[in-house]
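Enquirer: Here you go, this is upload_17.txt (compact mmCIF, C-alpha atoms).
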# COMPACT_ATOMS: atom_id res chain seq x y z
CA ALA A 4 -53.70 -92.93 53.11
CA VAL A 5 -52.72 -94.83 56.23
CA LEU A 6 -55.29 -96.86 58.12
CA SER A 7 -54.76 -97.05 61.85
CA PRO A 8 -55.20 -100.50 63.43
CA PRO A 9 -58.41 -101.14 65.37
CA PRO A 10 -58.19 -100.64 69.14
CA PRO A 11 -57.75 -103.70 71.35
CA SER A 12 -60.97 -105.36 72.37
CA ASN A 13 -60.28 -104.60 76.04
CA ALA A 14 -59.62 -100.91 75.37
CA PRO A 15 -62.17 -98.57 76.93
CA SER A 16 -64.60 -97.17 74.41
CA ALA A 17 -64.81 -93.46 73.85
CA PRO A 18 -67.66 -91.72 75.65
CA PRO A 19 -70.67 -91.10 73.41
CA SER A 20 -70.93 -87.64 71.90
CA PRO A 21 -73.53 -85.54 73.67
CA VAL A 22 -76.77 -85.20 71.75
CA PRO A 23 -77.76 -81.56 71.35
CA THR A 24 -81.03 -80.74 73.01
CA MET A 25 -83.61 -78.13 72.16
CA PRO A 26 -84.73 -75.67 74.84
CA ALA A 27 -88.24 -76.43 76.02
CA ALA A 28 -89.45 -72.97 75.01
CA ALA A 29 -88.09 -73.39 71.50
CA GLU A 30 -89.58 -76.87 71.20
CA ARG A 31 -93.00 -75.51 72.05
CA GLN A 32 -92.63 -72.94 69.29
CA MET A 33 -91.38 -75.41 66.68
CA THR A 34 -93.02 -74.75 63.33
CA ILE A 35 -93.04 -77.56 60.78
CA SER A 36 -95.18 -76.44 57.86
CA PRO A 37 -96.17 -78.80 55.01
CA SER A 38 -94.83 -76.22 52.60
CA LEU A 39 -91.32 -76.18 54.09
CA THR A 40 -90.01 -78.87 51.74
CA LYS A 41 -86.61 -77.21 51.39
CA PHE A 42 -85.55 -78.29 54.90
CA PRO A 43 -83.73 -81.64 55.20
CA LEU A 44 -85.99 -83.01 57.90
CA SER A 45 -89.53 -83.44 56.63
CA ARG A 46 -92.61 -83.43 58.81
CA ARG A 47 -93.15 -87.12 58.06
CA PHE A 48 -89.61 -87.96 59.14
CA LEU A 49 -89.92 -86.02 62.38
CA ARG A 50 -93.20 -87.77 63.21
CA ARG A 51 -91.67 -91.18 62.49
CA ALA A 52 -88.61 -90.26 64.56
CA ARG A 53 -90.75 -89.48 67.57
CA VAL A 54 -92.66 -92.73 67.26
CA ASP A 55 -89.47 -94.79 66.95
CA LYS A 56 -87.84 -92.78 69.77
CA ILE A 57 -84.87 -91.96 67.56
CA ARG A 58 -82.47 -89.53 69.17
CA LEU A 59 -82.01 -86.88 66.51
CA GLN A 60 -78.56 -85.36 66.25
CA CYS A 61 -80.04 -82.00 65.28
CA TYR A 62 -83.35 -80.17 65.16
CA VAL A 63 -84.87 -78.03 62.44
CA TYR A 64 -87.23 -75.47 63.84
CA ILE A 65 -88.36 -71.93 63.19
CA VAL A 66 -89.00 -69.48 66.00
CA SER A 67 -90.80 -66.35 64.85
CA ASP A 68 -90.68 -63.17 66.86
CA TYR A 69 -94.10 -61.90 65.76
CA ILE A 70 -97.59 -63.21 65.12
CA ILE A 71 -99.47 -62.87 61.84
CA THR A 72 -103.26 -62.64 62.01
CA THR A 73 -106.13 -62.05 59.62
CA ASP A 74 -109.90 -62.40 59.96
CA LEU A 75 -112.61 -64.84 58.96
CA THR A 76 -113.28 -63.07 55.65
CA ALA A 77 -110.04 -64.63 54.36
CA ASP A 78 -110.51 -67.86 52.42
CA TYR A 79 -107.49 -69.73 53.83
CA PRO A 80 -107.06 -73.53 53.46
CA PRO A 81 -106.95 -75.28 56.87
CA GLU A 82 -104.19 -77.61 55.68
CA LEU A 83 -101.87 -74.61 55.24
CA MET A 84 -102.24 -73.37 58.83
CA GLU A 85 -99.03 -73.05 60.82
CA ASP A 86 -97.77 -71.88 64.19
CA ASP A 87 -97.97 -68.21 65.14
CA PHE A 88 -100.77 -67.59 62.64
CA TYR A 89 -104.33 -66.92 63.79
CA ILE A 90 -107.64 -66.11 62.13
CA MET A 91 -109.84 -63.72 64.09
CA PRO A 92 -113.40 -65.08 64.41
CA MET A 93 -116.36 -63.03 63.20
CA SER A 94 -120.08 -63.63 63.45
CA TYR A 95 -122.91 -63.75 60.96
CA ALA A 96 -126.64 -64.36 61.22
CA ILE A 97 -129.11 -66.26 59.05
CA ASP A 98 -132.72 -65.23 59.59
CA GLY A 99 -131.81 -63.91 63.02
CA VAL A 100 -129.84 -66.97 64.15
CA GLU A 101 -126.26 -65.94 65.01
CA TYR A 102 -123.22 -68.10 64.27
CA ASP A 103 -120.07 -66.94 66.06
CA GLY A 104 -117.97 -70.11 66.08
CA LYS A 105 -118.19 -70.33 69.89
CA THR A 106 -121.75 -70.54 71.17
CA ARG A 107 -122.86 -71.85 67.76
CA ALA A 108 -120.47 -73.46 65.27
CA TYR A 109 -120.06 -72.03 61.80
CA LEU A 110 -122.01 -73.77 59.09
CA PRO A 111 -120.22 -75.82 56.42
CA ALA A 112 -119.93 -73.86 53.17
CA HIS A 113 -122.33 -76.09 51.22
CA GLU A 114 -124.99 -75.80 53.94
CA PHE A 115 -124.55 -72.02 54.18
CA PHE A 116 -125.03 -71.48 50.45
CA SER A 117 -127.91 -73.96 50.32
CA LEU A 118 -129.74 -71.84 52.89
CA LEU A 119 -129.16 -68.72 50.82
CA ALA A 120 -130.42 -70.48 47.70
CA SER A 121 -133.58 -71.47 49.57
CA GLY A 122 -134.36 -67.80 50.28
CA LYS A 123 -132.80 -67.36 53.72
CA THR A 124 -131.25 -63.98 54.47
CA ALA A 125 -127.70 -63.70 55.79
CA SER A 126 -126.36 -60.62 57.52
CA THR A 127 -123.11 -59.51 59.11
CA SER A 128 -122.10 -56.74 61.47
CA MET A 129 -118.96 -54.79 62.18
CA VAL A 130 -116.69 -56.31 64.82
CA PRO A 131 -116.75 -53.96 67.85
CA THR A 132 -113.48 -52.37 68.94
CA ALA A 133 -113.78 -53.98 72.38
CA VAL A 134 -113.94 -57.47 70.82
CA VAL A 135 -110.87 -56.80 68.67
CA TYR A 136 -109.03 -55.36 71.68
CA ASP A 137 -109.71 -58.50 73.75
CA TYR A 138 -108.62 -60.72 70.86
CA PHE A 139 -105.30 -58.93 70.34
CA ALA A 140 -104.67 -58.55 74.09
CA ASP A 141 -105.10 -62.28 74.63
CA ILE A 142 -102.48 -63.03 71.97
CA LEU A 143 -100.05 -60.50 73.44
CA LYS A 144 -100.45 -61.98 76.92
CA ARG A 145 -100.07 -65.59 75.79
CA THR A 146 -97.18 -65.16 73.37
CA GLY A 147 -95.40 -61.96 74.35
CA LYS A 148 -94.93 -61.25 70.64
CA ASP A 149 -95.87 -58.38 68.33
CA ILE A 150 -98.78 -58.74 65.90
CA LEU A 151 -99.04 -58.06 62.18
CA HIS A 152 -102.75 -58.05 61.27
CA LEU A 153 -104.09 -58.22 57.70
CA SER A 154 -107.54 -56.67 57.81
CA PHE A 155 -110.63 -56.83 55.60
CA PRO A 156 -110.68 -53.69 53.38
CA ALA A 157 -111.76 -50.41 54.92
CA ALA A 158 -113.72 -49.69 51.72
CA MET A 159 -115.99 -52.69 52.40
CA SER A 160 -116.36 -52.67 56.17
CA GLY A 161 -115.73 -50.78 59.39
CA CYS A 162 -113.71 -53.73 60.77
CA TYR A 163 -110.45 -52.10 59.71
CA ALA A 164 -111.28 -48.98 61.74
CA SER A 165 -112.09 -51.17 64.76
CA CYS A 166 -108.72 -52.92 64.44
CA VAL A 167 -106.82 -49.63 64.18
CA GLU A 168 -108.62 -48.19 67.21
CA ALA A 169 -107.96 -51.35 69.22
CA ALA A 170 -104.27 -51.28 68.24
CA ASN A 171 -103.97 -47.66 69.40
CA LYS A 172 -105.51 -48.53 72.78
CA LEU A 173 -103.13 -51.46 73.20
CA LYS A 174 -100.16 -49.09 73.04
CA THR A 175 -101.05 -47.90 76.54
CA ASP A 176 -101.60 -51.31 78.14
CA PHE A 177 -98.75 -53.06 76.29
CA PRO A 178 -96.15 -50.32 75.68
CA GLU A 179 -93.42 -52.87 74.98
CA ARG A 180 -95.40 -54.55 72.19
CA ARG A 181 -96.49 -53.44 68.69
CA VAL A 182 -99.69 -54.20 66.79
CA VAL A 183 -99.50 -53.21 63.11
CA VAL A 184 -102.79 -53.24 61.18
CA ILE A 185 -102.68 -53.39 57.37
CA ASP A 186 -105.65 -52.56 55.16
CA SER A 187 -105.35 -55.58 52.86
CA LYS A 188 -107.58 -54.16 50.11
CA CYS A 189 -108.25 -57.84 49.41
CA ALA A 190 -111.11 -60.20 50.18
CA SER A 191 -111.88 -63.91 50.24
CA VAL A 192 -109.24 -65.87 48.29
CA GLY A 193 -107.28 -62.66 47.67
CA LEU A 194 -106.92 -62.02 51.41
CA GLY A 195 -106.02 -65.67 51.97
CA MET A 196 -103.34 -65.38 49.29
CA LEU A 197 -101.93 -62.21 50.89
CA ALA A 198 -101.74 -64.02 54.25
CA TRP A 199 -99.96 -66.98 52.61
CA TYR A 200 -97.31 -64.70 51.10
CA ALA A 201 -96.87 -62.90 54.43
CA LEU A 202 -96.26 -66.24 56.16
CA LYS A 203 -93.81 -67.24 53.43
CA LYS A 204 -91.95 -63.96 53.84
CA ARG A 205 -91.74 -64.52 57.60
CA ARG A 206 -90.30 -68.00 57.05
CA GLU A 207 -87.64 -66.40 54.88
CA GLY A 208 -86.58 -64.29 57.87
CA ALA A 209 -88.32 -60.97 57.25
CA SER A 210 -88.87 -58.77 60.29
CA MET A 211 -92.36 -57.48 61.03
CA GLY A 212 -91.51 -54.06 59.60
CA GLU A 213 -90.11 -55.62 56.43
CA ASN A 214 -93.13 -57.88 56.11
CA ALA A 215 -95.56 -54.99 56.62
CA ALA A 216 -93.87 -53.07 53.80
CA TYR A 217 -93.89 -56.20 51.64
CA VAL A 218 -97.62 -56.93 51.95
CA THR A 219 -98.47 -53.24 51.54
CA GLU A 220 -96.74 -53.33 48.16
CA LEU A 221 -97.99 -56.81 47.24
CA ARG A 222 -101.68 -56.06 47.86
CA ASP A 223 -101.75 -53.83 44.76
CA HIS A 224 -100.72 -56.78 42.62
CA ILE A 225 -103.49 -59.19 43.66
CA GLY A 226 -106.49 -59.09 41.31
CA HIS A 227 -110.06 -60.18 42.05
CA ALA A 228 -112.80 -60.86 39.50
CA PHE A 229 -116.05 -62.74 40.08
CA THR A 230 -119.71 -62.94 39.18
CA VAL A 231 -122.85 -63.94 41.09
CA ASP A 232 -125.78 -66.23 40.36
CA ASP A 233 -128.42 -64.31 42.28
CA LEU A 234 -128.54 -60.52 42.00
CA MET A 235 -130.93 -60.33 44.94
CA HIS A 236 -127.99 -60.97 47.27
CA LEU A 237 -126.38 -57.76 45.99
CA TYR A 238 -129.67 -55.96 46.57
CA ARG A 239 -129.99 -57.27 50.14
CA GLY A 240 -126.40 -56.20 50.80
CA GLY A 241 -127.16 -52.66 49.65
CA ARG A 242 -124.89 -52.85 46.59
CA LEU A 243 -127.64 -52.90 43.96
CA LYS A 244 -131.05 -51.24 43.64
CA ARG A 245 -134.08 -53.50 43.77
CA GLY A 246 -135.28 -52.51 40.28
CA SER A 247 -131.90 -53.30 38.76
CA ALA A 248 -131.76 -56.62 40.57
CA VAL A 249 -135.23 -57.67 39.38
CA VAL A 250 -134.56 -56.67 35.74
CA GLY A 251 -131.18 -58.37 35.82
CA GLN A 252 -132.71 -61.58 37.19
CA VAL A 253 -135.35 -61.67 34.45
CA MET A 254 -132.78 -61.01 31.69
CA LYS A 255 -130.31 -63.48 33.26
CA LEU A 256 -127.80 -60.68 33.45
CA LYS A 257 -124.57 -61.43 35.29
CA PRO A 258 -122.38 -58.56 36.50
CA ILE A 259 -118.62 -59.03 36.48
CA ILE A 260 -117.29 -57.47 39.66
CA MET A 261 -113.74 -56.60 40.63
CA VAL A 262 -112.02 -55.24 43.71
CA ASP A 263 -110.42 -51.92 42.76
CA GLU A 264 -107.19 -50.35 43.99
CA ASN A 265 -109.01 -48.95 47.04
CA GLY A 266 -110.43 -52.32 48.07
CA ALA A 267 -113.98 -51.48 46.93
CA LEU A 268 -116.30 -53.57 44.77
CA VAL A 269 -116.84 -52.17 41.27
CA ASN A 270 -118.95 -53.46 38.39
CA ILE A 271 -116.75 -53.57 35.28
CA ALA A 272 -119.07 -55.38 32.82
CA ASN A 273 -122.35 -57.26 32.40
CA VAL A 274 -122.80 -60.48 30.46
CA MET A 275 -125.81 -62.59 29.51
CA GLY A 276 -125.92 -66.08 30.98
CA ARG A 277 -122.75 -67.52 32.43
Translate this structure into structure tokens?

Expert:
Amino acid sequence: AVLSPPPPSNAPSAPPSPVPTMPAAAERQMTISPSLTKFPLSRRFLRRARVDKIRLQCYVYIVSDYIITTDLTADYPPELMEDDFYIMPMSYAIDGVEYDGKTRAYLPAHEFFSLLASGKTASTSMVPTAVVYDYFADILKRTGKDILHLSFPAAMSGCYASCVEAANKLKTDFPERRVVVIDSKCASVGLGMLAWYALKKRREGASMGENAAYVTELRDHIGHAFTVDDLMHLYRGGRLKRGSAVVGQVMKLKPIIMVDENGALVNIANVMGR
């Protein structure tokens, strides 16, 4: 190897290489998720770089061309939220007092279940089509992107039908956009897990059509099994007769419930105690 001599001290220095810049639109859509550890620039590094005003030579960002949404029945950890993912609000009432997340904030989980344990009655209602329409339309107007929605099971609620009807109406007002509604056949943690896998698939580059096919196949491989402490909640929800609930409470009978292949709740066994 031959080393070239250093340039004279009075020689003009070479102009600095231009630093690549990110378009403003892309910067606004930058997605840095805590789970994206495979990328060379971590979220912590990017935050530190901004604070220190370091001029990065490159940017790592993900720009998705569609939105993924689900609803409030999904148990999804807040720390795993990321850009272009939204959870549709829903309302519930406790002894006639409505909580919709807007006019009245949702209760913390421990407070909600404490009220139920004290004898309070909770109730829910189907989300009207007009409310779903406004929710989807707002996203389409703000983002200009298509929507893939993972809905609460049709076998448990009429919310899925409301979402499908709203999506059909949106075809007229937004002919250039698509809203695909998937019956998740999952609930609670299962629906949250399905949403997590859909987001992961999108990060891997799947189109909305590919992702819709993926979650439609994946939903049949997510199992749910749970039991309840108070059978009277099943009675109040119309899923158990009063006589059966009373006898079960006295005998300390605990039903083991699963979500079947249609997304419906089924009792598969009964056990004594826990």

Enquirer: From the set A:Thr106, A:Tyr95, A:Leu119, A:Asp233, which residue has the shortest atom-to-atom contact distance to Met254 (chain A), counting all atoms listed in the file?

Expert: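 Going through A:Thr106, A:Tyr95, A:Leu119, A:Asp233 one by one, the smallest distance to Met254 (chain A) is for A:Asp233.
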
Enquirer: Using all atoms listed in the file, which residue out of A:Lys244, A:Ala228, A:Val274, A:Ile142 lies closest to Ile260 (chain A)?

Expert: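 Smallest distance to Ile260 (chain A) is found for A:Ala228.
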
Enquirer: Determine, counting only C-alpha atoms, every residue of protein, DNA or RNA that lies within 9 Å of (-112.4, -54.7, 42.6) in the file coordinates, then give the result as a VMD selection string.

Expert: chain A and resid 188 to 189 226 to 228 260 to 271

Enquirer: List as a PyMOL selection string the protein and nucleic acid residues near Gly122 (chain A), meaning an atom at most 10 Å away when all atoms listed in the file are counted, but skip any in the same chain fewer than 5 places from it.

Expert: chain A and resi 98+117+235-236

Enquirer: For Ser247 (chain A), work out the shell of residues within 10 Å, counting only C-alpha atoms and skipping chain neighbours fewer than 3 positions away, then give it as an MDAnalysis selection string.

Expert: chainID A and resid 234:235 238 243:244 250:252 256

Enquirer: Using Å and a single decimal, report how far CA of Phe177 (chain A) sits from CA of Leu197 (chain A).

Expert: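 Separating CA of Leu197 (chain A) from CA of Phe177 (chain A) is a distance of 27.2 Å.
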
Enquirer: With a distance cut-off of 9 Å and all atoms listed in the file, select the neighbouring residues of region 200-207 of chain A, excluding the residue or stretch itself and same-chain residues fewer than 2 positions from it, and output the selection as an NGL selection string.

Expert: :A and (39 or 65 or 67 or 69 or 71 or 85 or 88 or 195-198 or 209-211 or 213-215 or 217-218 or 221)

Enquirer: How about completing region 206-217 of chain A with all heavy atoms and giving it to me as a PDB file, in the coordinates of the input?

Expert:
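And here's out31.pdb as it stands now:
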ATOM      1  N   ARG A 206     -91.167 -66.817  57.038  1.00  0.00           N
ATOM      2  CA  ARG A 206     -90.300 -68.000  57.050  1.00  0.00           C
ATOM      3  C   ARG A 206     -88.939 -67.712  56.442  1.00  0.00           C
ATOM      4  O   ARG A 206     -87.949 -68.356  56.782  1.00  0.00           O
ATOM      5  CB  ARG A 206     -90.969 -69.158  56.299  1.00  0.00           C
ATOM      6  CG  ARG A 206     -92.205 -69.722  56.985  1.00  0.00           C
ATOM      7  CD  ARG A 206     -92.573 -71.077  56.425  1.00  0.00           C
ATOM      8  NE  ARG A 206     -92.903 -71.031  55.018  1.00  0.00           N
ATOM      9  CZ  ARG A 206     -94.134 -70.869  54.536  1.00  0.00           C
ATOM     10  NH1 ARG A 206     -95.149 -70.700  55.371  1.00  0.00           N
ATOM     11  NH2 ARG A 206     -94.351 -70.868  53.242  1.00  0.00           N
ATOM     12  N   GLU A 207     -88.906 -66.764  55.523  1.00  0.00           N
ATOM     13  CA  GLU A 207     -87.640 -66.400  54.880  1.00  0.00           C
ATOM     14  C   GLU A 207     -86.808 -65.467  55.755  1.00  0.00           C
ATOM     15  O   GLU A 207     -85.696 -65.095  55.379  1.00  0.00           O
ATOM     16  CB  GLU A 207     -87.919 -65.736  53.534  1.00  0.00           C
ATOM     17  CG  GLU A 207     -88.551 -66.692  52.513  1.00  0.00           C
ATOM     18  CD  GLU A 207     -89.000 -65.979  51.252  1.00  0.00           C
ATOM     19  OE1 GLU A 207     -88.942 -64.730  51.222  1.00  0.00           O
ATOM     20  OE2 GLU A 207     -89.425 -66.671  50.305  1.00  0.00           O
ATOM     21  N   GLY A 208     -87.349 -65.084  56.920  1.00  0.00           N
ATOM     22  CA  GLY A 208     -86.580 -64.290  57.870  1.00  0.00           C
ATOM     23  C   GLY A 208     -86.905 -62.819  57.921  1.00  0.00           C
ATOM     24  O   GLY A 208     -86.202 -62.060  58.582  1.00  0.00           O
ATOM     25  N   ALA A 209     -87.966 -62.388  57.255  1.00  0.00           N
ATOM     26  CA  ALA A 209     -88.320 -60.970  57.250  1.00  0.00           C
ATOM     27  C   ALA A 209     -88.805 -60.523  58.628  1.00  0.00           C
ATOM     28  O   ALA A 209     -89.552 -61.237  59.293  1.00  0.00           O
ATOM     29  CB  ALA A 209     -89.400 -60.695  56.207  1.00  0.00           C
ATOM     30  N   SER A 210     -88.374 -59.340  59.045  1.00  0.00           N
ATOM     31  CA  SER A 210     -88.870 -58.770  60.290  1.00  0.00           C
ATOM     32  C   SER A 210     -90.310 -58.301  60.083  1.00  0.00           C
ATOM     33  O   SER A 210     -90.807 -58.269  58.957  1.00  0.00           O
ATOM     34  CB  SER A 210     -87.992 -57.581  60.708  1.00  0.00           C
ATOM     35  OG  SER A 210     -88.128 -56.514  59.761  1.00  0.00           O
ATOM     36  N   MET A 211     -90.973 -57.918  61.176  1.00  0.00           N
ATOM     37  CA  MET A 211     -92.360 -57.480  61.030  1.00  0.00           C
ATOM     38  C   MET A 211     -92.443 -56.202  60.203  1.00  0.00           C
ATOM     39  O   MET A 211     -93.348 -56.048  59.372  1.00  0.00           O
ATOM     40  CB  MET A 211     -93.006 -57.266  62.406  1.00  0.00           C
ATOM     41  CG  MET A 211     -94.499 -57.003  62.305  1.00  0.00           C
ATOM     42  SD  MET A 211     -95.358 -57.030  63.891  1.00  0.00           S
ATOM     43  CE  MET A 211     -94.900 -55.430  64.533  1.00  0.00           C
ATOM     44  N   GLY A 212     -91.511 -55.281  60.396  1.00  0.00           N
ATOM     45  CA  GLY A 212     -91.510 -54.060  59.600  1.00  0.00           C
ATOM     46  C   GLY A 212     -91.294 -54.341  58.121  1.00  0.00           C
ATOM     47  O   GLY A 212     -91.967 -53.757  57.254  1.00  0.00           O
ATOM     48  N   GLU A 213     -90.356 -55.249  57.817  1.00  0.00           N
ATOM     49  CA  GLU A 213     -90.110 -55.620  56.430  1.00  0.00           C
ATOM     50  C   GLU A 213     -91.315 -56.307  55.814  1.00  0.00           C
ATOM     51  O   GLU A 213     -91.668 -56.065  54.662  1.00  0.00           O
ATOM     52  CB  GLU A 213     -88.881 -56.529  56.345  1.00  0.00           C
ATOM     53  CG  GLU A 213     -87.579 -55.845  56.709  1.00  0.00           C
ATOM     54  CD  GLU A 213     -86.428 -56.827  56.857  1.00  0.00           C
ATOM     55  OE1 GLU A 213     -86.694 -58.027  57.103  1.00  0.00           O
ATOM     56  OE2 GLU A 213     -85.270 -56.388  56.760  1.00  0.00           O
ATOM     57  N   ASN A 214     -91.969 -57.165  56.601  1.00  0.00           N
ATOM     58  CA  ASN A 214     -93.130 -57.880  56.110  1.00  0.00           C
ATOM     59  C   ASN A 214     -94.313 -56.938  55.886  1.00  0.00           C
ATOM     60  O   ASN A 214     -95.072 -57.081  54.920  1.00  0.00           O
ATOM     61  CB  ASN A 214     -93.521 -58.996  57.079  1.00  0.00           C
ATOM     62  CG  ASN A 214     -94.102 -60.207  56.370  1.00  0.00           C
ATOM     63  OD1 ASN A 214     -94.510 -60.137  55.208  1.00  0.00           O
ATOM     64  ND2 ASN A 214     -94.151 -61.324  57.062  1.00  0.00           N
ATOM     65  N   ALA A 215     -94.483 -55.966  56.774  1.00  0.00           N
ATOM     66  CA  ALA A 215     -95.560 -54.990  56.620  1.00  0.00           C
ATOM     67  C   ALA A 215     -95.385 -54.195  55.326  1.00  0.00           C
ATOM     68  O   ALA A 215     -96.343 -53.954  54.583  1.00  0.00           O
ATOM     69  CB  ALA A 215     -95.607 -54.055  57.824  1.00  0.00           C
ATOM     70  N   ALA A 216     -94.150 -53.787  55.053  1.00  0.00           N
ATOM     71  CA  ALA A 216     -93.870 -53.070  53.800  1.00  0.00           C
ATOM     72  C   ALA A 216     -94.094 -53.965  52.597  1.00  0.00           C
ATOM     73  O   ALA A 216     -94.603 -53.525  51.555  1.00  0.00           O
ATOM     74  CB  ALA A 216     -92.439 -52.539  53.825  1.00  0.00           C
ATOM     75  N   TYR A 217     -93.743 -55.239  52.742  1.00  0.00           N
ATOM     76  CA  TYR A 217     -93.890 -56.200  51.640  1.00  0.00           C
ATOM     77  C   TYR A 217     -95.354 -56.406  51.271  1.00  0.00           C
ATOM     78  O   TYR A 217     -95.731 -56.314  50.096  1.00  0.00           O
ATOM     79  CB  TYR A 217     -93.248 -57.524  52.059  1.00  0.00           C
ATOM     80  CG  TYR A 217     -93.508 -58.674  51.123  1.00  0.00           C
ATOM     81  CD1 TYR A 217     -92.894 -58.746  49.874  1.00  0.00           C
ATOM     82  CD2 TYR A 217     -94.367 -59.712  51.500  1.00  0.00           C
ATOM     83  CE1 TYR A 217     -93.130 -59.812  49.019  1.00  0.00           C
ATOM     84  CE2 TYR A 217     -94.603 -60.781  50.656  1.00  0.00           C
ATOM     85  CZ  TYR A 217     -93.988 -60.829  49.420  1.00  0.00           C
ATOM     86  OH  TYR A 217     -94.233 -61.885  48.583  1.00  0.00           O
TER      87      TYR A 217
END
